[in-house]
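Data from data_36.txt: compact mmCIF, C-alpha atoms
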```
# COMPACT_ATOMS: atom_id res chain seq x y z
CA MET A 195 22.63 20.83 24.58
CA ALA A 196 25.08 23.06 22.80
CA LEU A 197 22.68 25.93 22.37
CA VAL A 198 24.63 28.08 24.82
CA GLU A 199 27.62 27.99 22.47
CA ILE A 200 25.69 29.49 19.57
CA PRO A 201 25.80 33.27 19.66
CA HIS A 202 22.67 35.32 19.09
CA THR A 203 20.20 32.52 19.53
CA PRO A 204 16.93 33.88 20.85
CA ILE A 205 17.11 31.58 23.87
CA ARG A 206 20.50 32.89 24.83
CA ARG A 207 19.36 36.46 24.44
CA LEU A 208 16.43 35.81 26.68
CA ALA A 209 18.59 34.03 29.27
CA GLY A 210 21.09 36.88 29.12
CA ALA A 211 18.37 39.43 29.66
CA LEU A 212 17.06 37.55 32.66
CA SER A 213 20.45 37.13 34.29
CA ARG A 214 21.16 40.77 33.64
CA ALA A 215 17.96 41.70 35.36
CA ARG A 216 19.07 39.70 38.38
CA ARG A 217 22.47 41.30 38.31
CA THR A 218 20.94 44.72 37.99
CA GLY A 219 18.99 44.01 41.14
CA LYS A 220 22.18 43.11 43.02
CA GLY A 221 24.08 45.93 41.37
CA GLU A 222 21.69 48.52 42.63
CA ARG A 223 22.43 47.40 46.10
CA ARG A 224 26.15 47.30 45.50
CA GLY A 225 26.34 50.28 43.21
CA GLU A 226 25.96 49.45 39.54
CA ALA A 227 28.16 52.25 38.24
CA ALA A 228 31.21 50.66 39.80
CA ARG A 229 31.05 47.57 37.56
CA PRO A 230 33.05 47.62 34.33
CA ALA A 231 30.80 47.83 31.31
CA SER A 232 30.94 44.87 28.96
CA PRO A 233 29.00 44.79 25.68
CA ARG A 234 26.66 42.20 27.14
CA ASP A 235 25.72 44.41 30.02
CA ASN A 236 24.47 47.07 27.66
CA TRP A 237 21.52 44.85 26.84
CA ARG A 238 18.24 46.07 28.08
CA ILE A 239 14.88 44.31 28.07
CA ASP A 240 14.00 46.38 24.98
CA ASP A 241 16.74 44.59 23.02
CA VAL A 242 14.96 41.30 23.27
CA PRO A 243 13.20 40.73 19.92
CA ARG A 244 9.42 41.20 19.87
CA ARG A 245 9.01 37.49 19.02
CA PRO A 246 11.51 36.03 21.41
CA THR A 247 11.41 32.50 19.97
CA GLY A 248 11.33 33.31 16.24
CA ARG A 249 13.70 30.63 15.02
CA LEU A 250 12.49 28.03 17.49
CA PHE A 251 8.96 28.79 16.33
CA LEU A 252 9.92 27.98 12.75
CA ILE A 253 11.69 24.78 13.77
CA ASN A 254 8.69 23.68 15.82
CA LEU A 255 6.30 24.54 13.00
CA LEU A 256 8.40 22.61 10.51
CA LEU A 257 8.57 19.61 12.86
CA ALA A 258 4.81 19.67 13.41
CA VAL A 259 4.09 19.88 9.68
CA ILE A 260 6.48 17.00 8.93
CA VAL A 261 4.88 14.90 11.67
CA ALA A 262 1.40 15.77 10.35
CA LEU A 263 2.23 14.83 6.77
CA VAL A 264 4.13 11.64 7.58
CA PHE A 265 1.57 10.47 10.12
CA GLY A 266 -1.50 11.51 8.12
CA ILE A 267 -0.48 10.28 4.68
CA GLY A 268 1.40 7.26 6.04
CA THR A 269 -1.52 5.90 8.04
CA ALA A 270 -3.95 6.69 5.21
CA TYR A 271 -1.74 4.77 2.77
CA LEU A 272 -1.42 1.79 5.11
CA ALA A 273 -5.15 1.71 5.82
CA VAL A 274 -6.04 1.78 2.13
CA ASP A 275 -3.25 -0.59 1.11
CA ARG A 276 -3.92 -3.26 3.74
CA GLY A 277 -7.42 -3.76 2.42
CA ARG A 278 -10.79 -3.93 4.04
CA LEU A 279 -11.07 -2.78 7.62
CA PHE A 280 -14.79 -2.67 8.29
CA GLY A 281 -18.00 -4.23 7.09
CA GLU A 282 -16.74 -7.79 7.11
CA VAL A 283 -18.99 -10.76 7.76
CA ARG A 284 -17.22 -13.87 9.08
CA LEU A 285 -18.59 -17.37 8.61
CA GLY A 286 -16.19 -20.00 9.91
CA GLN A 287 -12.93 -19.48 8.03
CA TRP A 288 -14.62 -17.36 5.38
CA THR A 289 -15.01 -13.60 5.22
CA ALA A 290 -17.31 -11.61 2.94
CA TYR A 291 -17.59 -7.86 2.46
CA PRO A 292 -21.19 -7.34 1.41
CA THR A 293 -21.04 -3.54 1.38
CA ALA A 294 -17.69 -3.28 -0.44
CA GLY A 295 -18.09 -1.60 -3.80
CA THR A 296 -21.53 -0.24 -3.03
CA PRO A 297 -22.47 3.33 -2.13
CA ASP A 298 -22.92 2.05 1.47
CA ALA A 299 -19.24 1.13 1.77
CA ASP A 300 -17.17 2.81 4.48
CA PRO A 301 -14.61 5.37 3.22
CA TYR A 302 -11.65 2.99 3.69
CA SER A 303 -13.33 0.26 1.70
CA ALA A 304 -14.32 2.77 -0.99
CA ALA A 305 -10.72 3.98 -1.22
CA THR A 306 -9.41 0.40 -1.48
CA THR A 307 -11.92 -0.45 -4.20
CA ALA A 308 -11.02 2.65 -6.19
CA ARG A 309 -7.26 2.31 -5.82
CA THR A 310 -7.14 -1.34 -6.81
CA GLY A 311 -9.65 -1.01 -9.65
CA GLN A 312 -11.63 -3.97 -8.39
CA ILE A 313 -15.11 -4.58 -9.69
CA PRO A 314 -17.01 -6.32 -6.92
CA LEU A 315 -20.13 -8.43 -7.36
CA GLY A 316 -23.40 -6.51 -7.13
CA LYS A 317 -26.10 -7.64 -4.73
CA GLY A 318 -28.19 -9.09 -7.52
CA GLU A 319 -25.21 -11.02 -8.88
CA GLY A 320 -23.77 -12.80 -5.88
CA LEU A 321 -21.29 -12.61 -3.05
CA ALA A 322 -17.60 -13.46 -2.77
CA PHE A 323 -16.10 -15.13 0.32
CA PHE A 324 -12.39 -15.12 1.09
CA ALA A 325 -10.36 -17.47 3.30
CA ASP A 326 -6.66 -17.21 4.07
CA ARG A 327 -6.48 -19.44 7.18
CA ASP A 328 -7.39 -23.02 7.94
CA ARG A 329 -9.61 -24.23 10.78
CA SER A 330 -6.75 -24.07 13.29
CA GLY A 331 -5.88 -20.53 12.30
CA ASN A 332 -2.74 -21.26 10.27
CA ARG A 333 -2.07 -19.22 7.16
CA LEU A 334 -2.85 -21.15 3.96
CA VAL A 335 0.34 -22.01 2.08
CA PRO A 336 0.92 -23.87 -1.21
CA SER A 337 3.27 -26.39 0.39
CA CYS A 338 0.34 -27.99 2.22
CA ASP A 339 -2.75 -29.82 1.01
CA TYR A 340 -6.10 -28.65 2.29
CA ARG A 341 -9.46 -30.35 2.43
CA LEU A 342 -12.63 -28.28 2.10
CA VAL A 343 -15.43 -30.27 3.66
CA GLY A 344 -19.11 -29.50 3.96
CA GLN A 345 -21.66 -27.54 2.02
CA THR A 346 -22.07 -24.10 0.57
CA PRO A 347 -25.01 -21.80 1.29
CA PRO A 348 -27.86 -21.92 -1.22
CA GLY A 349 -27.10 -20.44 -4.59
CA ARG A 350 -27.50 -21.34 -8.22
CA LEU A 351 -23.82 -21.54 -8.95
CA TRP A 352 -20.59 -21.26 -7.06
CA THR A 353 -16.99 -21.11 -8.17
CA LEU A 354 -13.85 -21.72 -6.14
CA THR A 355 -10.51 -20.25 -7.09
CA SER A 356 -7.31 -19.23 -5.37
CA THR A 357 -5.13 -16.15 -5.48
CA ASP A 358 -1.82 -15.06 -4.04
CA ALA A 359 -1.65 -12.63 -1.13
CA HIS A 360 -2.22 -9.68 -3.50
CA GLY A 361 -5.37 -11.13 -5.04
CA HIS A 362 -3.74 -12.21 -8.30
CA LEU A 363 -4.40 -15.55 -9.92
CA MET A 364 -1.44 -17.94 -10.04
CA LYS A 365 -0.38 -20.32 -12.77
CA THR A 366 -1.05 -23.91 -11.80
CA GLN A 367 0.31 -27.27 -12.85
CA ALA A 368 -3.05 -28.28 -14.34
CA GLY A 369 -3.62 -25.06 -16.27
CA ARG A 370 -7.06 -24.49 -14.79
CA VAL A 371 -7.42 -22.20 -11.80
CA ALA A 372 -10.99 -22.80 -10.72
CA LEU A 373 -13.54 -25.37 -9.72
CA ASP A 374 -17.28 -24.84 -9.92
CA SER A 375 -20.40 -26.38 -8.49
CA ARG A 376 -21.11 -28.26 -11.71
CA ASP A 377 -17.77 -30.09 -11.64
CA ILE A 378 -18.17 -31.34 -8.12
CA VAL A 379 -18.72 -34.96 -7.13
CA ARG A 380 -20.88 -35.02 -4.01
CA LYS A 381 -21.62 -37.57 -1.34
CA PRO A 382 -25.17 -38.91 -1.15
CA ASP A 383 -26.03 -36.40 1.61
CA GLY A 384 -25.05 -33.46 -0.61
CA ASP A 385 -21.80 -32.71 1.19
CA PHE A 386 -18.62 -32.46 -0.82
CA GLU A 387 -14.93 -32.71 -0.19
CA ILE A 388 -12.45 -30.69 -2.23
CA THR A 389 -8.69 -31.10 -2.11
CA VAL A 390 -6.73 -27.89 -2.55
CA ALA A 391 -3.19 -28.79 -3.61
CA ALA A 392 -0.44 -27.76 -5.98
CA GLN A 393 0.05 -31.37 -7.17
CA ALA A 394 -2.68 -33.45 -8.83
CA ARG A 395 -5.05 -35.21 -6.43
CA PRO A 396 -7.89 -37.67 -7.03
CA GLY A 397 -11.48 -36.54 -6.58
CA ASN A 398 -12.46 -32.88 -6.49
CA TRP A 399 -9.20 -31.08 -6.95
CA LEU A 400 -8.54 -27.34 -6.98
CA PRO A 401 -5.03 -26.83 -8.39
CA VAL A 402 -3.17 -23.92 -6.83
CA GLY A 403 0.01 -22.03 -7.66
CA THR A 404 3.23 -22.54 -5.78
CA SER A 405 4.26 -19.02 -4.86
CA GLY A 406 3.51 -17.27 -1.62
CA PRO A 407 0.60 -17.64 0.78
CA LEU A 408 -2.81 -18.54 -0.62
CA THR A 409 -6.23 -16.97 -0.43
CA LEU A 410 -9.22 -19.06 -1.43
CA VAL A 411 -12.11 -17.24 -3.08
CA LEU A 412 -15.57 -18.80 -3.08
CA ARG A 413 -18.08 -16.88 -5.17
CA LEU A 414 -21.75 -17.63 -4.74
CA TYR A 415 -23.93 -16.52 -7.62
CA ASP A 416 -27.64 -15.79 -7.46
CA THR A 417 -27.77 -16.46 -3.77
CA PRO A 418 -30.56 -15.46 -1.39
CA LEU A 419 -27.84 -14.36 1.05
CA THR A 420 -27.55 -10.96 -0.61
CA THR A 421 -31.17 -10.48 -1.52
CA GLY A 422 -33.05 -11.49 1.57
CA SER A 423 -32.31 -14.19 4.08
CA GLY A 424 -29.17 -12.55 5.47
CA LEU A 425 -25.88 -14.05 6.51
CA ALA A 426 -26.47 -15.52 9.95
CA GLU A 427 -26.36 -19.28 10.60
CA ILE A 428 -25.04 -20.22 7.20
CA ALA A 429 -22.97 -23.36 6.73
CA MET A 430 -19.72 -22.83 4.88
CA PRO A 431 -17.16 -25.51 4.06
CA GLU A 432 -14.54 -26.06 6.76
CA ILE A 433 -10.87 -25.91 5.77
CA PHE A 434 -8.69 -28.69 7.20
CA ARG A 435 -4.95 -28.87 6.69
CA GLY A 436 -3.65 -32.11 5.24
CA GLN A 437 -0.10 -33.19 4.48
CA CYS A 438 2.64 -30.63 4.09
CA SER A 439 5.81 -31.10 2.07
CA MET B 241 17.17 23.35 25.34
CA THR B 242 15.27 24.47 28.40
CA ARG B 243 12.45 22.49 29.93
CA GLY B 244 9.93 25.05 28.75
CA GLY B 245 11.25 24.73 25.23
CA LEU B 246 10.88 20.94 25.37
CA ILE B 247 7.30 21.20 26.55
CA LYS B 248 6.59 23.68 23.81
CA THR B 249 8.10 21.41 21.14
CA GLY B 250 6.09 18.53 22.58
CA LEU B 251 2.90 20.52 22.23
CA TRP B 252 3.82 21.36 18.66
CA LEU B 253 4.37 17.66 17.91
CA LEU B 254 1.01 16.84 19.49
CA GLY B 255 -0.57 19.48 17.28
CA GLY B 256 1.22 17.87 14.33
CA LEU B 257 -0.30 14.47 15.20
CA MET B 258 -3.78 16.00 15.37
CA LEU B 259 -3.27 17.73 12.04
CA GLY B 260 -2.03 14.37 10.75
CA GLY B 261 -5.34 12.82 11.82
CA ILE B 262 -7.20 15.38 9.76
CA ILE B 263 -4.90 14.78 6.78
CA HIS B 264 -5.52 11.02 7.17
CA ILE B 265 -9.29 11.47 6.99
CA VAL B 266 -9.16 13.90 4.08
CA ALA B 267 -6.72 11.69 2.15
CA VAL B 268 -8.85 8.55 2.56
CA ILE B 269 -12.01 10.38 1.50
CA LEU B 270 -10.34 11.93 -1.54
CA VAL B 271 -8.73 8.71 -2.85
CA PRO B 272 -11.73 7.54 -4.91
CA ASP B 273 -12.04 10.91 -6.64
CA PHE B 274 -8.36 11.36 -7.39
CA THR B 275 -6.96 7.92 -8.07
CA THR B 276 -5.94 7.30 -11.66
CA ASP B 277 -5.94 3.56 -11.22
CA ASP B 278 -9.64 2.91 -10.71
CA ALA B 279 -11.86 0.64 -12.75
CA TRP B 280 -13.34 3.48 -14.83
CA THR B 281 -9.90 4.61 -15.99
CA ARG B 282 -8.61 1.08 -16.62
CA LEU B 283 -11.65 0.19 -18.69
CA ALA B 284 -10.75 2.86 -21.26
CA SER B 285 -8.05 0.57 -22.63
CA PHE B 286 -10.48 -2.14 -23.76
CA GLY B 287 -12.19 -0.21 -26.52
CA PRO B 288 -14.31 2.83 -27.35
CA ASP B 289 -16.99 4.14 -25.02
CA ALA B 290 -20.71 3.54 -25.57
CA GLN B 291 -20.37 -0.02 -26.84
CA PHE B 292 -19.87 -3.38 -25.16
CA ASN B 293 -16.24 -4.46 -25.27
CA VAL B 294 -15.53 -8.11 -24.53
CA LEU B 295 -12.69 -8.34 -22.03
CA PRO B 296 -9.85 -10.80 -22.61
CA ALA B 297 -10.15 -14.09 -20.72
CA VAL B 298 -9.27 -13.89 -17.02
CA GLU B 299 -6.03 -15.87 -16.76
CA PRO B 300 -3.06 -15.88 -14.39
CA GLY B 301 -0.73 -13.01 -15.25
CA ALA B 302 -3.25 -11.48 -17.66
CA GLU B 303 -6.20 -10.36 -15.60
CA PRO B 304 -7.98 -7.48 -17.33
CA LEU B 305 -9.07 -6.15 -13.93
CA PRO B 306 -8.20 -7.45 -10.49
CA MET B 307 -10.46 -9.94 -8.71
CA LEU B 308 -12.52 -11.05 -11.68
CA ASP B 309 -13.79 -14.62 -11.68
CA PRO B 310 -11.72 -16.75 -14.11
CA THR B 311 -14.76 -18.92 -14.87
CA MET B 312 -16.65 -15.95 -16.28
CA ALA B 313 -16.52 -14.09 -19.60
CA HIS B 314 -16.96 -10.34 -19.26
CA ALA B 315 -18.17 -7.51 -21.44
CA VAL B 316 -18.11 -3.92 -20.35
CA CYS B 317 -19.64 -0.71 -21.67
CA ARG B 318 -18.49 2.68 -20.43
CA PHE B 319 -20.66 5.68 -21.25
CA THR B 320 -21.67 9.17 -20.21
CA LEU B 321 -25.25 10.39 -20.15
CA ASP B 322 -24.41 13.93 -21.31
CA ASP B 323 -25.30 13.10 -24.90
CA GLY B 324 -28.54 11.27 -24.20
CA PRO B 325 -29.91 8.13 -22.55
CA VAL B 326 -28.24 4.78 -23.19
CA ARG B 327 -30.05 1.65 -24.27
CA LEU B 328 -28.60 -1.75 -23.29
CA ASP B 329 -29.63 -5.02 -24.89
CA ALA B 330 -28.21 -8.52 -24.57
CA THR B 331 -29.32 -12.09 -24.93
CA ILE B 332 -27.02 -14.77 -23.60
CA PRO B 333 -28.32 -18.29 -24.06
CA ASP B 334 -28.18 -21.23 -21.67
CA THR B 335 -25.79 -20.12 -19.02
CA PHE B 336 -25.75 -18.15 -15.82
CA TRP B 337 -25.15 -14.46 -16.47
CA SER B 338 -25.36 -11.36 -14.35
CA PHE B 339 -25.36 -7.65 -14.96
CA SER B 340 -24.29 -4.71 -12.87
CA LEU B 341 -24.28 -0.93 -13.30
CA PHE B 342 -21.48 1.10 -11.72
CA ASN B 343 -20.96 4.80 -11.13
CA ARG B 344 -17.76 6.75 -11.77
CA ARG B 345 -16.36 5.65 -8.39
CA GLY B 346 -16.82 1.97 -9.26
CA GLU B 347 -19.72 1.42 -6.87
CA THR B 348 -22.45 -0.91 -8.02
CA THR B 349 -25.75 0.90 -8.12
CA TYR B 350 -27.97 -1.72 -9.76
CA SER B 351 -27.53 -5.40 -10.45
CA PHE B 352 -29.46 -8.52 -11.37
CA ASN B 353 -28.94 -11.92 -12.97
CA ASP B 354 -30.59 -13.88 -15.74
CA ARG B 355 -33.18 -15.39 -13.44
CA THR B 356 -34.17 -12.14 -11.77
CA SER B 357 -34.19 -10.27 -15.07
CA GLY B 358 -37.77 -11.27 -15.85
CA GLU B 359 -37.60 -12.26 -19.49
CA GLY B 360 -34.16 -13.81 -19.38
CA LYS B 361 -32.53 -11.03 -21.37
CA LEU B 362 -31.06 -7.61 -20.76
CA ALA B 363 -33.21 -4.72 -21.99
CA MET B 364 -32.49 -1.53 -20.16
CA LEU B 365 -32.62 2.21 -20.53
CA VAL B 366 -30.28 4.31 -18.38
CA LEU B 367 -31.06 8.01 -18.17
CA THR B 368 -30.93 11.13 -16.04
CA SER B 369 -33.93 12.73 -14.35
CA SER B 370 -34.28 15.41 -17.03
CA GLN B 371 -34.02 12.83 -19.81
CA LEU B 372 -36.71 10.80 -18.07
CA SER B 373 -39.13 13.73 -18.11
CA MET B 374 -38.43 14.20 -21.82
CA LEU B 375 -38.97 10.47 -22.37
CA ARG B 376 -42.40 10.67 -20.73
CA GLU B 377 -43.53 13.05 -23.46
CA ASN B 378 -42.53 10.64 -26.18
CA PRO B 379 -42.17 7.11 -24.78
CA PRO B 380 -40.58 4.35 -26.88
CA GLU B 381 -42.93 1.58 -28.01
CA ASP B 382 -41.38 -1.22 -26.00
CA LEU B 383 -41.15 0.78 -22.77
CA ASP B 384 -43.08 -1.91 -20.89
CA SER B 385 -40.40 -4.53 -21.47
CA LEU B 386 -37.55 -2.18 -20.52
CA ILE B 387 -35.91 -1.78 -17.16
CA VAL B 388 -35.65 2.00 -16.81
CA ILE B 389 -32.85 3.19 -14.54
CA GLU B 390 -32.88 6.81 -13.52
CA THR B 391 -29.52 7.94 -12.19
CA GLU B 392 -27.80 11.05 -10.92
CA ASP B 393 -24.41 9.80 -12.16
CA ASP B 394 -23.44 11.08 -15.58
CA HIS B 395 -20.52 8.64 -15.86
CA VAL B 396 -21.69 5.05 -15.79
CA PHE B 397 -20.31 1.67 -16.77
CA ALA B 398 -22.13 -1.59 -17.25
CA LEU B 399 -20.60 -5.03 -16.77
CA LEU B 400 -22.00 -8.29 -18.10
CA ARG B 401 -20.63 -11.53 -16.67
CA ALA B 402 -21.47 -14.84 -18.27
CA PHE B 403 -20.48 -18.20 -16.82
CA VAL B 404 -18.37 -20.36 -19.13
CA PRO B 405 -19.09 -23.96 -18.06
CA ASP B 406 -16.33 -25.38 -20.24
CA LYS B 407 -13.84 -24.29 -22.89
CA ARG B 408 -16.06 -25.54 -25.75
CA ARG B 409 -18.74 -23.01 -24.87
CA GLU B 410 -16.31 -20.11 -24.56
CA LYS B 411 -16.51 -18.95 -28.19
CA ALA B 412 -20.32 -18.98 -28.30
CA ILE B 413 -20.56 -17.06 -25.06
CA ASP B 414 -17.96 -14.51 -26.12
CA ALA B 415 -19.89 -14.07 -29.38
CA ALA B 416 -23.15 -13.50 -27.49
CA LEU B 417 -21.38 -10.92 -25.33
CA GLY B 418 -19.96 -9.32 -28.47
CA ARG B 419 -23.48 -8.93 -29.87
CA ALA B 420 -24.65 -7.12 -26.74
CA LYS B 421 -25.73 -3.56 -27.55
CA CYS B 422 -24.97 -0.44 -25.62
CA ALA B 423 -26.05 2.57 -27.66
CA GLN B 424 -26.72 6.22 -27.07
CA GLU B 425 -30.33 7.09 -27.89
CA LYS B 426 -31.58 10.31 -29.43
CA VAL B 427 -33.99 12.20 -27.23
```
Can you turn what I pasted into structure tokens?
Amino acid sequence: MALVEIPHTPIRRLAGALSRARRTGKGERRGEAARPASPRDNWRIDDVPRRPTGRLFLINLLLAVIVALVFGIGTAYLAVDRGRLFGEVRLGQWTAYPTAGTPDADPYSAATTARTGQIPLGKGEGLAFFADRDRSGNRLVPSCDYRLVGQTPPGRLWTLTSTDAHGHLMKTQAGRVALDSRDIVRKPDGDFEITVAAQARPGNWLPVGTSGPLTLVLRLYDTPLTTGSGLAEIAMPEIFRGQCS
Amino acid sequence: MTRGGLIKTGLWLLGGLMLGGIIHIVAVILVPDFTTDDAWTRLASFGPDAQFNVLPAVEPGAEPLPMLDPTMAHAVCRFTLDDGPVRLDATIPDTFWSFSLFNRRGETTYSFNDRTSGEGKLAMLVLTSSQLSMLRENPPEDLDSLIVIETEDDHVFALLRAFVPDKRREKAIDAALGRAKCAQEKV
């Protein structure tokens, strides 16, 4: 480091004082008075400033404060921006956040709710499930067709819609952006099959937008899941990937 | 720089990281109280306080608030309890509807739907503890049929969601939402 070249730095003063002390020790043996006096040799321990590392202290303090602010605010921003961290309930490919938007929510979830201005469903209203991956774990994309097969948990009404990665609705070819339990054609055993695709498909079709990755949102209204029976052992529709273009 | 100086700077950086941890926690906890983008603030743009305002339809590119269900029609009433209790009334025929009360931070504190409402309509009185004790002295006549919600929050908003089964029903449902009452009572 080039510190040695900088005159009057505290470090150099300290180093000078130390080396002088060593020299003084030798000098006493040899006879100090014989050595020519240079300005540097006039330094005594008393010349060293009371706070020997004054400037270094400031630099260190500044560094620490910058690190604290960048690290603290940066991680807080990321945590709040990336969405829910805790309190998730996973059922197959679907995830729900039953405590989000309630006074029981964890601080991260509360911050996300507040910052995005979301109004979640209350317990007495229903519960929203989100899916952004298919059964094999691949991210849902609009260039592929998907089949949702199976049943939903009990509830009076459910609606299925899709959003982009930021939770916004997307314009679709068909104009409509949702499908609900009243529109659905079911098999005799009560199961249904829904095709999620950007282009029109026969049968139960949820049209989706064409930009960016997809998130499917299944909202169950008036469901015993939130009011009593709990979320374990509930059948949710499985998401299979079909053809991709 | 000497080795001692390096160690010292390292310790300072470590201290900075720890301070950063504290800043992280404080920042996350303060976000709900300081954000200017929360639901309460956004709802101000849909109409005056202390009345139900019907939100525009939830459509791509024009969502009144994020993450609302596009199959639902919404009406929202924002109010404060400083000037007295608030009475909420609504009747929405022949469709699923649900109701939720939120505090200033956008947390739902009370919710139900048409089937759990009892009589199939919304009839509610929201008040503070002190207003409740005043109400006991002079109860309204239909108190028995009211849901009385006592709350510590002085800023409250109420959201009504009504399912729109198809486009033809949309106008009737919006009209029913528009007739919903949200009025400050005299104590």
Using all atoms listed in the file, which protein or nucleic acid residues come within 7 Å of range 274-276 of chain A? Drop anything in the same chain fewer than 2 positions from it, and give the result as an mmCIF file with C-alpha atoms, keeping the file's coordinate frame.
```
data_model
loop_
_atom_site.group_PDB
_atom_site.id
_atom_site.type_symbol
_atom_site.label_atom_id
_atom_site.label_comp_id
_atom_site.auth_asym_id
_atom_site.auth_seq_id
_atom_site.Cartn_x
_atom_site.Cartn_y
_atom_site.Cartn_z
ATOM 1 C CA ALA A 270 -3.950 6.690 5.210
ATOM 2 C CA TYR A 271 -1.740 4.770 2.770
ATOM 3 C CA LEU A 272 -1.420 1.790 5.110
ATOM 4 C CA ARG A 278 -10.790 -3.930 4.040
ATOM 5 C CA TYR A 302 -11.650 2.990 3.690
ATOM 6 C CA ALA A 305 -10.720 3.980 -1.220
ATOM 7 C CA THR A 306 -9.410 0.400 -1.480
#
```
Residues within 9 Å of Gly418 in chain B, only C-alpha atoms, excluding chain neighbours under 2 positions, as a CSV table (one decimal) with C-alpha atoms, in the frame of the given file:
```csv
chain,number,residue,atom,x,y,z
B,292,PHE,CA,-19.9,-3.4,-25.2
B,293,ASN,CA,-16.2,-4.5,-25.3
B,294,VAL,CA,-15.5,-8.1,-24.5
B,315,ALA,CA,-18.2,-7.5,-21.4
B,413,ILE,CA,-20.6,-17.1,-25.1
B,414,ASP,CA,-18.0,-14.5,-26.1
B,415,ALA,CA,-19.9,-14.1,-29.4
B,416,ALA,CA,-23.2,-13.5,-27.5
B,420,ALA,CA,-24.6,-7.1,-26.7
B,421,LYS,CA,-25.7,-3.6,-27.6
```
Practice prompt. Please return, as a PyMOL selection string, all residues of chain B lying within 6 Å of chain A when all atoms listed in the file are considered.
Written response: chain B and resi 249+252-253+256-257+259-261+263-264+268-269+271-272+277-279+300+306+338+347-348+351-353
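Every protein, DNA or RNA residue with an atom at most 12 Å from Ile428 in chain A, where all atoms listed in the file count and chain neighbours fewer than 2 positions away do not, is listed here: Val283, Arg284, Leu285, Gly286, Trp288, Gly344, Gln345, Thr346, Pro347, Pro348, Gly349, Thr417, Pro418, Leu419, Ser423, Gly424, Leu425, Ala426, Met430 and Pro431 of chain A.
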Item to complete: Give me, please, the distance in Å between CA of Ser373 in chain B and CA of Leu328 in chain B, quoted to one decimal.
Response: 19.4 Å
Worksheet, complete the sentence: Computed gap from CA of Leu375 in chain B to CA of Pro288 in chain B is 26.3 Å
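One finds CA of Ile389 in chain B at 11.9 Å from CA of Leu321 in chain B.
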Can you pull out the residues contacting Glu387 in chain A? Cut-off 10 Å, using only C-alpha atoms, and skip same-chain residues under 2 positions away; I want them as a CSV table (one decimal) with C-alpha atoms, in the frame of the given file.
```csv
chain,number,residue,atom,x,y,z
A,341,ARG,CA,-9.5,-30.4,2.4
A,342,LEU,CA,-12.6,-28.3,2.1
A,343,VAL,CA,-15.4,-30.3,3.7
A,344,GLY,CA,-19.1,-29.5,4.0
A,345,GLN,CA,-21.7,-27.5,2.0
A,378,ILE,CA,-18.2,-31.3,-8.1
A,379,VAL,CA,-18.7,-35.0,-7.1
A,380,ARG,CA,-20.9,-35.0,-4.0
A,381,LYS,CA,-21.6,-37.6,-1.3
A,385,ASP,CA,-21.8,-32.7,1.2
A,389,THR,CA,-8.7,-31.1,-2.1
A,390,VAL,CA,-6.7,-27.9,-2.6
A,397,GLY,CA,-11.5,-36.5,-6.6
A,398,ASN,CA,-12.5,-32.9,-6.5
A,399,TRP,CA,-9.2,-31.1,-7.0
A,431,PRO,CA,-17.2,-25.5,4.1
A,432,GLU,CA,-14.5,-26.1,6.8
A,433,ILE,CA,-10.9,-25.9,5.8
```
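Taking all atoms listed in the file into account, Asp354 in chain B lies nearest to B:Leu400 out of the set B:Leu372, B:Leu400, B:Ala313, B:Leu295.
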Just want the 9 Å neighbourhood of Ala359 in chain A, counted on all atoms listed in the file, with same-chain residues fewer than 5 positions away dropped. Output as a short mmCIF file (atom, residue, chain, number, x, y, z; two decimals) with C-alpha atoms, in the frame of the given file.
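Result file out.cif:
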```cif
data_model
loop_
_atom_site.label_atom_id
_atom_site.label_comp_id
_atom_site.auth_asym_id
_atom_site.auth_seq_id
_atom_site.Cartn_x
_atom_site.Cartn_y
_atom_site.Cartn_z
CA ASP A 326 -6.66 -17.21 4.07
CA GLY A 406 3.51 -17.27 -1.62
CA PRO A 407 0.60 -17.64 0.78
CA LEU A 408 -2.81 -18.54 -0.62
CA THR A 409 -6.23 -16.97 -0.43
#
```
Worksheet item: Which protein, DNA or RNA residues have an atom at most 7 Å from (-30.9, -8.0, -25.1), counting only C-alpha atoms? List them as a PyMOL selection string.
Response: chain B and resi 328-331+361-363+420
